[in-house]
There are 4 protein chains.
Amino acid sequence: MTIRFGVIGTGAIGREHIRRISQTLSGGEIVAVTDVNQEAAKQVVEQFKLDASVYPDDKSLVAAENVDAVLVTSWGPAHEQSVLAAIEEGKYVFCEKPLAVTAEGCMNIVEAEMKHGKRLVQVGFMRRYDSGYVQLKEAIDNNFIGEPLMIRCAHRNPEVAENYSTDMAVTDTLIHEIDVLHWLINDDYKSVQVVFPKKTKHALDHLQDPQIFTIETESGVSINAEVFVNCKYGYDIQCEVIGEEGIVKLPEFPSIVMRKDAKLSTNVLMDWKDRFIEAYDKEIQDFIDSVRETGEPNGPTAWDGYIAAVTSDACVKAQQTGEKEAIVLKERPAFYSKNTECKTV
Amino acid sequence: MTIRFGVIGTGAIGREHIRRISQTLSGGEIVAVTDVNQEAAKQVVEQFKLDASVYPDDKSLVAAENVDAVLVTSWGPAHEQSVLAAIEEGKYVFCEKPLAVTAEGCMNIVEAEMKHGKRLVQVGFMRRYDSGYVQLKEAIDNNFIGEPLMIRCAHRNPEVAENYSTDMAVTDTLIHEIDVLHWLINDDYKSVQVVFPKKTKHALDHLQDPQIFTIETESGVSINAEVFVNCKYGYDIQCEVIGEEGIVKLPEFPSIVMRKDAKLSTNVLMDWKDRFIEAYDKEIQDFIDSVRETGEPNGPTAWDGYIAAVTSDACVKAQQTGEKEAIVLKERPAFYSKNTECKTV
Amino acid sequence: MTIRFGVIGTGAIGREHIRRISQTLSGGEIVAVTDVNQEAAKQVVEQFKLDASVYPDDKSLVAAENVDAVLVTSWGPAHEQSVLAAIEEGKYVFCEKPLAVTAEGCMNIVEAEMKHGKRLVQVGFMRRYDSGYVQLKEAIDNNFIGEPLMIRCAHRNPEVAENYSTDMAVTDTLIHEIDVLHWLINDDYKSVQVVFPKKTKHALDHLQDPQIFTIETESGVSINAEVFVNCKYGYDIQCEVIGEEGIVKLPEFPSIVMRKDAKLSTNVLMDWKDRFIEAYDKEIQDFIDSVRETGEPNGPTAWDGYIAAVTSDACVKAQQTGEKEAIVLKERPAFYSKNTECKTV
Amino acid sequence: MTIRFGVIGTGAIGREHIRRISQTLSGGEIVAVTDVNQEAAKQVVEQFKLDASVYPDDKSLVAAENVDAVLVTSWGPAHEQSVLAAIEEGKYVFCEKPLAVTAEGCMNIVEAEMKHGKRLVQVGFMRRYDSGYVQLKEAIDNNFIGEPLMIRCAHRNPEVAENYSTDMAVTDTLIHEIDVLHWLINDDYKSVQVVFPKKTKHALDHLQDPQIFTIETESGVSINAEVFVNCKYGYDIQCEVIGEEGIVKLPEFPSIVMRKDAKLSTNVLMDWKDRFIEAYDKEIQDFIDSVRETGEPNGPTAWDGYIAAVTSDACVKAQQTGEKEAIVLKERPAFYSKNTECKTV
Ligand SMILES: NC(=O)c1ccc[n+]([C@@H]2O[C@H](COP(=O)([O-])OP(=O)(O)OC[C@H]3O[C@@H](n4cnc5c(N)ncnc54)[C@H](O)[C@@H]3O)[C@@H](O)[C@H]2O)c1
Ligand SMILES: NC(=O)c1ccc[n+]([C@@H]2O[C@H](COP(=O)([O-])OP(=O)(O)OC[C@H]3O[C@@H](n4cnc5c(N)ncnc54)[C@H](O)[C@@H]3O)[C@@H](O)[C@H]2O)c1
Ligand SMILES: NC(=O)c1ccc[n+]([C@@H]2O[C@H](COP(=O)([O-])OP(=O)(O)OC[C@H]3O[C@@H](n4cnc5c(N)ncnc54)[C@H](O)[C@@H]3O)[C@@H](O)[C@H]2O)c1
Ligand SMILES: NC(=O)c1ccc[n+]([C@@H]2O[C@H](COP(=O)([O-])OP(=O)(O)OC[C@H]3O[C@@H](n4cnc5c(N)ncnc54)[C@H](O)[C@@H]3O)[C@@H](O)[C@H]2O)c1
């Protein structure tokens, strides 16, 4: 059984995922596309020589009989409606982050999915599929470092577009750490406080850069997360978990080792798209495989989308107040009990 | 157009490639299988739930109308006959190394393919698709290290099976270096000499281990290649190219970084199967994509298979004589001019 | 001219420095020793075969005519009195940290030294002489990373003695970061806040471990300093300075690289005494050389001792209040203008 | 007791050692100097403000009553005569490499020393005092890698002076590997063969560069030693010992770690003088300390000087013949039994 996808939103990442499903992965095909920009949708069909119909809107695409699963890659604010429509039709959904732009919107989806009675939704938090994070998770789960006590991480971009604003450091950047870290240590967040260090001259006036988030978890782990989006030197994702018995850290991105001009060096990526390319492949392959084999997706859940939304709101508030802000989640429904979460590799 | 594969030989790597094509890659499917052990062939169809016919032998499989391409993964001595049969039928062939067990056998294939008039054959030298070697090649091609002068490499296994013999250090192990190094520096081999260092106590009586091969190229590059198949500590592939302006070296296999018990460490692989897993995926995806897009495979050619066979013979002779042995290739036919070789990434 | 030293306090580090001066360094000799434990003083003379007199107390030792310089290596609370006595006699003083246990005590010394009219005092903050920190300082001074924005550092011990208390994380441990970091970035501290992450099970009941200090400097640099004194795995000093154009980080302590048992590893020190052994040599050699060549010591000043005391007080207060505490220094006297500070290498 | 040195040869390394003994180390002083260039000798006395007499020649200096030990740092061809003169007078000698320029000359010294009846001579092979090599030696001696089987090493300089000739790759460069490697694995050399890889364009016409030496030891260890003295990128000393159970390798020279301009890098030295600076300090401090404490030097012996000379001759012959040349040592006298060799750290 091949999973037949309908794609809502044929922008940058939409096209990437279409290429992935039609040219790289196994077991999926694209049979339907839509975009508010209908021209864009049509062009995509041509560009990738798809055997796919172009629909006028998400509703009609979701309803199409030959669509087994919906890929939501439109702008963030449009996600909630499309995901709800898909659940309504009992269709599987792979939704790019964010699941919805508000915590309330995420709860709507959570409730709809629970009402439906089985998992349909996977959120596009691809880092859980990155081999580095997977190795960290294994080490922690195997008790290699004992109880985790602290995490230090950094999310650095060489530069950002002009419209990148201070809150986007949370909603576009830190959001990936927000998702991956609670999964990594199997914990929940409790509070967050933000420090603005001396600002780099490379940031525009309206942007606070870098920023440091201190997040505390329910069990007391202290997370120090740096976001620095004009760091100039490269796209660099660092994560180190310090435990009672030892420390584990993400590998550097693999690069040949060079000796030249009085330097021993390796390459640092400049383009974020190269960093998680395999993780993107794996998250969607896992979505396809799980749906085919178990009838349910296996990756980040709607509840994870909700956690991200609540945490993200608290982080933005903490940016504004300078105070320690509480991160208050509703009680986790049994439907999303932790052991249903994705097991990769 | 999906490439419909017929598989000859459903042993270990045959099954791996079948899994790959049917479950991981895009654009191929398995429609036919055969094995001298017919039970094995049937089991594979079941195990992978293939929609494929089981054929009594390679001839009939190759002749089947719905077979577009043949995957040869039988024992080495059986390869030549199957590849020739496929060329005869004008079918594409992906043949696991070795292309044939003798240089003469390889020449037979080269001649058959030239007679056919366009490339049909790709040999399974997957290292050219490994991201580390690809980065080395780019650096060298971009003149980053100037003219290459020396290469140091090592091929180490933790241990080998009882039946592993001294010449298999060449035919099963060094063979991958033989293929990848001349491609890397775009050169041809001229001579080889072998040194047997002190033998490890972990090698059985009949096996010389480790061994060091000194290979000289036409342009004068000196290659020092260590084969050490009872190194105990891990499966480790090292390669360093020393040039006029600098040096480039393969990365270590990516691993989380650990601090524990007075050690700062990373993991070394123990199982060779994990090392080139992505390269195997990429070589066959490239075979599928090239055939679909250009009508010809793009990877290692029958001529590369011939080079490997001639070099391999000289290396085995050098093991026996202890002398410097010449590596004498026929003239490269224009059909296999260097710039037709694979361009990856 | 050989510098003739009188040593006050022949405990652990006192003996280390005596060995250093008499057996390793050039240009100094030990001519006088004292200790409240007179037996200890006498034993030291024997143990190191010194040609030195034993004095009953610091006053008499300081006054001895053949004493050119005083080495204060008694317990912290005794330092102030001995240093003041030495200044009174116009003798040079190398005083182990802390200069005095209170900020007021340090100010007394600062005032006495200014009254004397030229520098006599050097404080034993040896990290400034460590080749790693020296390289960091050069890189920063040469504007290699542009304006420093953030510092991340860690001070980890495998374990500590039973009597190690929560405030000693500041006064015995963080104190070295306190001294070296303001020197490194040529800045002054402004405030500090402390977070207590989840406590390791390896810490005794009375000890909070680990601890994280967030220190802000006058220019806005944000310092994140971890103290973790039961980290088990090793003695590990980390320091990374993140600037507008790039990042510089301390090297790992040099170790052979090992491949064994599926691990690629280097050694991490277990004993702090090994980490800065060269820095101790260099700080005292520099003291000797500067006094001989320029008539004044060149290393960390009494003012640096005062900065350490004030900062240390604020850090301890921040441990108790959990609040952000101000670090308020008096105005730096011209006598201690920054460019008189030590230039090493 | 301070060791009073007389120095023969006040050139580059002579002055370095004079600075070392008079300004950095403990327990030695310079009381006499001589040089065929008497002006040079006089200048040195002034430059370092030495309280030392200038002698007209080595004979008179060696005979001076207040000279306890002689430092021979003249040109290589002059060493033998000065060392023999010192032994004649029963004076200790620290002789820079080479001990003598011929194997016969070395044997003359060996015989004179044996006749004298106790060790007087130490040869300036400083690598044995380098902390990296010391760690390698400890690991090997502790059986960490089991039986050593192979060694790979490289000696690279960014460039050399015009007068550097092909044989100097042995006598000036490889000579240090020759000394340190047999000490490292406690073995003797048996044969050597040389390969000249493609020549770098950065070498002058008269110079073969790079060169690769394959040296076999009595126990069968195979050593692959690269000498590359126009490698451009840096002064780089690599050494890796491959054993039955694992591998140990020299650390890179410690450097801060930098992230900048899409590179993660460390510095490689450009100047050889910086590489072994501590080893030079330690070898002479050890000479001083051993002589004071045991009445005999502890470092590389006259026999080691002889081994270096014989091996060096064979290597030069192998450069000329292209053949495998035997390395034939006389039998080791009990006087130089292995366990009298230096124990460092
Ligand atoms: N997981 C990741 O690492 C990652 C990376 C990039 C983007 N994203 C997420 O993917 C989403 C898309 O990002 P992008 O970079 O492709 O943006 P984009 O602007 O390139 O594309 C968005 C597309 O959606 C279309 N669209 C907008 N509203 C729509 C609607 N209501 N119905 C149908 N189409 C609509 C737009 O016309 C546009 O073509 C965002 O939510 C973003 O956060 C995730
Ligand atoms: N590229 C690589 O890294 C790599 C790795 C492993 C194996 N190989 C190559 O792949 C080939 C197969 O290796 P393997 O490990 O799978 O061996 P295997 O013994 O597990 O499988 C070989 C299979 O071929 C079958 N067979 C033998 N002769 C046949 C014939 N004439 N017709 C049909 N089937 C026949 C056997 O019954 C067996 O099932 C070998 O040539 C080997 O060198 C390459
Ligand atoms: N820079 C560093 O890294 C470093 C390391 C260790 C210790 N220190 C400092 O060095 C000092 C000594 O530490 P230690 O580990 O040697 O302690 P220690 O307890 O081993 O030795 C202290 C000695 O001082 C003597 N003493 C105490 N009061 C005295 C007085 N009034 N007059 C004379 N002698 C007196 C004691 O009898 C004892 O012998 C402390 O201030 C400590 O903070 C610095
Ligand atoms: N261990 C090492 O790493 C190392 C490094 C450099 C040099 N060396 C060795 O040290 C020695 C000196 O090297 P250098 O670089 O200082 O050379 P240099 O040319 O700078 O100095 C040699 C000095 O010896 C003097 N001299 C020559 N013959 C003399 C004689 N018969 N009596 C007295 N003085 C005499 C010369 O006038 C000159 O001043 C050489 O043997 C060299 O191989 C060893």
# chains A, B, ... in the order shown; residues from 1 in each chain; ligands from 1
$ residues_around --residues "B:Asn224" --least-positions-apart "3" --cutoff "9 Å" --atoms "only C-alpha atoms" --output "number ranges by chain"
B: 150-154, 212-216; D: 224
$ write_last_selection --atoms "all heavy atoms" --output "short mmCIF file (atom, residue, chain, number, x, y, z; two decimals), in the first residue's frame"
data_model
loop_
_atom_site.label_atom_id
_atom_site.label_comp_id
_atom_site.auth_asym_id
_atom_site.auth_seq_id
_atom_site.Cartn_x
_atom_site.Cartn_y
_atom_site.Cartn_z
N MET B 150 51.15 11.86 -1.60
CA MET B 150 51.12 10.61 -0.83
C MET B 150 49.72 10.37 -0.32
O MET B 150 48.97 11.31 -0.08
CB MET B 150 52.06 10.72 0.39
CG MET B 150 53.51 10.96 0.04
SD MET B 150 54.55 11.29 1.51
CE MET B 150 54.27 13.06 1.72
N ILE B 151 49.41 9.09 -0.13
CA ILE B 151 48.16 8.73 0.53
C ILE B 151 48.49 7.72 1.62
O ILE B 151 49.29 6.81 1.40
CB ILE B 151 47.16 8.09 -0.47
CG1 ILE B 151 46.76 9.10 -1.55
CG2 ILE B 151 45.92 7.56 0.27
CD1 ILE B 151 45.75 8.55 -2.55
N ARG B 152 47.89 7.91 2.77
CA ARG B 152 48.00 6.92 3.84
C ARG B 152 46.61 6.44 4.15
O ARG B 152 45.73 7.26 4.44
CB ARG B 152 48.51 7.53 5.13
CG ARG B 152 49.87 8.09 5.02
CD ARG B 152 50.24 8.57 6.40
NE ARG B 152 51.60 9.01 6.39
CZ ARG B 152 52.39 8.97 7.43
NH1 ARG B 152 51.94 8.51 8.58
NH2 ARG B 152 53.62 9.40 7.36
N CYS B 153 46.42 5.15 4.13
CA CYS B 153 45.10 4.69 4.50
C CYS B 153 45.18 3.40 5.30
O CYS B 153 46.23 2.74 5.35
CB CYS B 153 44.21 4.55 3.29
SG CYS B 153 44.88 3.54 2.01
N ALA B 154 44.10 3.09 5.96
CA ALA B 154 44.03 1.88 6.77
C ALA B 154 42.62 1.33 6.66
O ALA B 154 41.65 2.07 6.62
CB ALA B 154 44.37 2.18 8.22
N ILE B 212 50.95 -4.49 4.89
CA ILE B 212 51.07 -3.11 4.40
C ILE B 212 51.40 -3.13 2.91
O ILE B 212 52.38 -3.75 2.50
CB ILE B 212 52.16 -2.32 5.16
CG1 ILE B 212 51.84 -2.28 6.66
CG2 ILE B 212 52.26 -0.90 4.62
CD1 ILE B 212 52.91 -1.61 7.49
N PHE B 213 50.59 -2.45 2.13
CA PHE B 213 50.79 -2.37 0.68
C PHE B 213 51.32 -0.99 0.31
O PHE B 213 50.74 0.02 0.69
CB PHE B 213 49.45 -2.60 -0.06
CG PHE B 213 48.88 -3.97 0.21
CD1 PHE B 213 48.14 -4.21 1.36
CD2 PHE B 213 49.08 -5.02 -0.67
CE1 PHE B 213 47.62 -5.47 1.64
CE2 PHE B 213 48.56 -6.28 -0.41
CZ PHE B 213 47.84 -6.51 0.75
N THR B 214 52.44 -0.97 -0.40
CA THR B 214 52.95 0.29 -0.93
C THR B 214 52.67 0.30 -2.42
O THR B 214 53.24 -0.49 -3.17
CB THR B 214 54.45 0.42 -0.66
OG1 THR B 214 54.67 0.35 0.74
CG2 THR B 214 54.98 1.74 -1.19
N ILE B 215 51.78 1.17 -2.81
CA ILE B 215 51.37 1.23 -4.22
C ILE B 215 51.86 2.55 -4.82
O ILE B 215 51.72 3.60 -4.20
CB ILE B 215 49.83 1.12 -4.34
CG1 ILE B 215 49.36 -0.21 -3.73
CG2 ILE B 215 49.38 1.26 -5.80
CD1 ILE B 215 47.85 -0.35 -3.66
N GLU B 216 52.42 2.44 -6.01
CA GLU B 216 52.90 3.64 -6.69
C GLU B 216 51.97 3.91 -7.87
O GLU B 216 51.55 2.97 -8.55
CB GLU B 216 54.32 3.38 -7.20
CG GLU B 216 55.08 4.60 -7.62
CD GLU B 216 56.38 4.20 -8.33
OE1 GLU B 216 56.70 2.98 -8.37
OE2 GLU B 216 57.06 5.10 -8.85
N ASN D 224 56.76 3.14 9.31
CA ASN D 224 56.61 3.96 8.12
C ASN D 224 56.82 5.40 8.53
O ASN D 224 56.00 5.98 9.25
CB ASN D 224 55.21 3.74 7.53
CG ASN D 224 55.01 4.54 6.27
OD1 ASN D 224 54.65 5.71 6.33
ND2 ASN D 224 55.26 3.92 5.13
#
$ residues_near_ligand --ligand "ligand 4" --cutoff "7 Å" --atoms "only C-alpha atoms and all ligand atoms" --output "PyMOL selection string"
chain D and resi 8-14+34-37+40+57-58+73-76+78+96-98+124-126+172
$ interface_residues --of "chain A" --to "chain C" --cutoff "9 Å" --atoms "only C-alpha atoms" --output "PyMOL selection string"
chain A and resi 147-150+195-202+210+212+216+219-224+230-233+242-247
$ select_by_dssp --residues "stretch 131-188 of chain B" --states "strand (DSSP E)" --output "list in words"
Pro148, Leu149, Met150, Ile151, Arg152, Cys153, Ala154, His155 and Arg156 of chain B
$ write_last_selection --atoms "all heavy atoms" --output "CSV table (one decimal), in the first residue's frame"
chain,number,residue,atom,x,y,z
B,148,PRO,N,48.4,16.0,-5.3
B,148,PRO,CA,48.6,14.9,-4.3
B,148,PRO,C,50.0,14.3,-4.4
B,148,PRO,O,50.4,14.0,-5.5
B,148,PRO,CB,47.5,13.9,-4.6
B,148,PRO,CG,46.5,14.7,-5.5
B,148,PRO,CD,47.3,15.7,-6.2
B,149,LEU,N,50.6,14.0,-3.3
B,149,LEU,CA,51.9,13.3,-3.3
B,149,LEU,C,51.9,12.0,-2.6
B,149,LEU,O,52.6,11.1,-3.1
B,149,LEU,CB,52.9,14.3,-2.6
B,149,LEU,CG,53.0,15.7,-3.1
B,149,LEU,CD1,54.0,16.5,-2.2
B,149,LEU,CD2,53.4,15.8,-4.5
B,150,MET,N,51.2,11.9,-1.6
B,150,MET,CA,51.1,10.6,-0.8
B,150,MET,C,49.7,10.4,-0.3
B,150,MET,O,49.0,11.3,-0.1
B,150,MET,CB,52.1,10.7,0.4
B,150,MET,CG,53.5,11.0,0.0
B,150,MET,SD,54.5,11.3,1.5
B,150,MET,CE,54.3,13.1,1.7
B,151,ILE,N,49.4,9.1,-0.1
B,151,ILE,CA,48.2,8.7,0.5
B,151,ILE,C,48.5,7.7,1.6
B,151,ILE,O,49.3,6.8,1.4
B,151,ILE,CB,47.2,8.1,-0.5
B,151,ILE,CG1,46.8,9.1,-1.5
B,151,ILE,CG2,45.9,7.6,0.3
B,151,ILE,CD1,45.7,8.6,-2.6
B,152,ARG,N,47.9,7.9,2.8
B,152,ARG,CA,48.0,6.9,3.8
B,152,ARG,C,46.6,6.4,4.2
B,152,ARG,O,45.7,7.3,4.4
B,152,ARG,CB,48.5,7.5,5.1
B,152,ARG,CG,49.9,8.1,5.0
B,152,ARG,CD,50.2,8.6,6.4
B,152,ARG,NE,51.6,9.0,6.4
B,152,ARG,CZ,52.4,9.0,7.4
B,152,ARG,NH1,51.9,8.5,8.6
B,152,ARG,NH2,53.6,9.4,7.4
B,153,CYS,N,46.4,5.1,4.1
B,153,CYS,CA,45.1,4.7,4.5
B,153,CYS,C,45.2,3.4,5.3
B,153,CYS,O,46.2,2.7,5.3
B,153,CYS,CB,44.2,4.5,3.3
B,153,CYS,SG,44.9,3.5,2.0
B,154,ALA,N,44.1,3.1,6.0
B,154,ALA,CA,44.0,1.9,6.8
B,154,ALA,C,42.6,1.3,6.7
B,154,ALA,O,41.6,2.1,6.6
B,154,ALA,CB,44.4,2.2,8.2
B,155,HIS,N,42.6,0.0,6.6
B,155,HIS,CA,41.3,-0.7,6.5
B,155,HIS,C,41.4,-1.7,7.7
B,155,HIS,O,42.1,-2.7,7.6
B,155,HIS,CB,41.2,-1.4,5.2
B,155,HIS,CG,39.8,-2.0,4.9
B,155,HIS,ND1,39.2,-1.9,3.7
B,155,HIS,CD2,38.9,-2.6,5.7
B,155,HIS,CE1,38.0,-2.5,3.7
B,155,HIS,NE2,37.8,-3.0,4.9
B,156,ARG,N,40.6,-1.5,8.7
B,156,ARG,CA,40.7,-2.3,9.9
B,156,ARG,C,39.4,-2.9,10.3
B,156,ARG,O,38.4,-2.2,10.3
B,156,ARG,CB,41.3,-1.5,11.1
B,156,ARG,CG,42.6,-0.9,10.8
B,156,ARG,CD,43.3,-0.3,12.0
B,156,ARG,NE,44.4,0.5,11.7
B,156,ARG,CZ,44.6,1.8,11.9
B,156,ARG,NH1,43.6,2.5,12.5
B,156,ARG,NH2,45.6,2.4,11.6
$ residues_around --residues "A:Pro297" --least-positions-apart "3" --cutoff "12 Å" --atoms "only C-alpha atoms" --output "PyMOL selection string"
chain A and resi 69+91-95+118-124+283-294+300-302+340-343
$ atom_distance --atom1 "atom CA of D:Leu250" --atom2 "atom CA of D:Lys317"
29.4 Å
$ residues_around --residues "A:Thr2" --least-positions-apart "3" --cutoff "8 Å" --atoms "only C-alpha atoms" --output "list of chain:residue names"
A:Gly27, A:Gly28, A:Glu29
$ atom_distance --atom1 "atom CA of B:Arg128" --atom2 "atom 34 (N, counted along the ligand's line) of ligand 2"
26.3 Å
$ residues_around --residues "D:Gly6" --least-positions-apart "2" --cutoff "8 Å" --atoms "only C-alpha atoms" --output "PyMOL selection string"
chain D and resi 4+8+30-34+61-62+67-71
$ atom_distance --atom1 "atom CA of B:Tyr235" --atom2 "atom CA of B:Val268"
7.1 Å
$ select_by_dssp --residues "stretch 119-345 of chain C" --states "alpha helix (DSSP H)" --output "ChimeraX atom specification"
/C:131-141,168,175-185,272-275,277-294,302-321
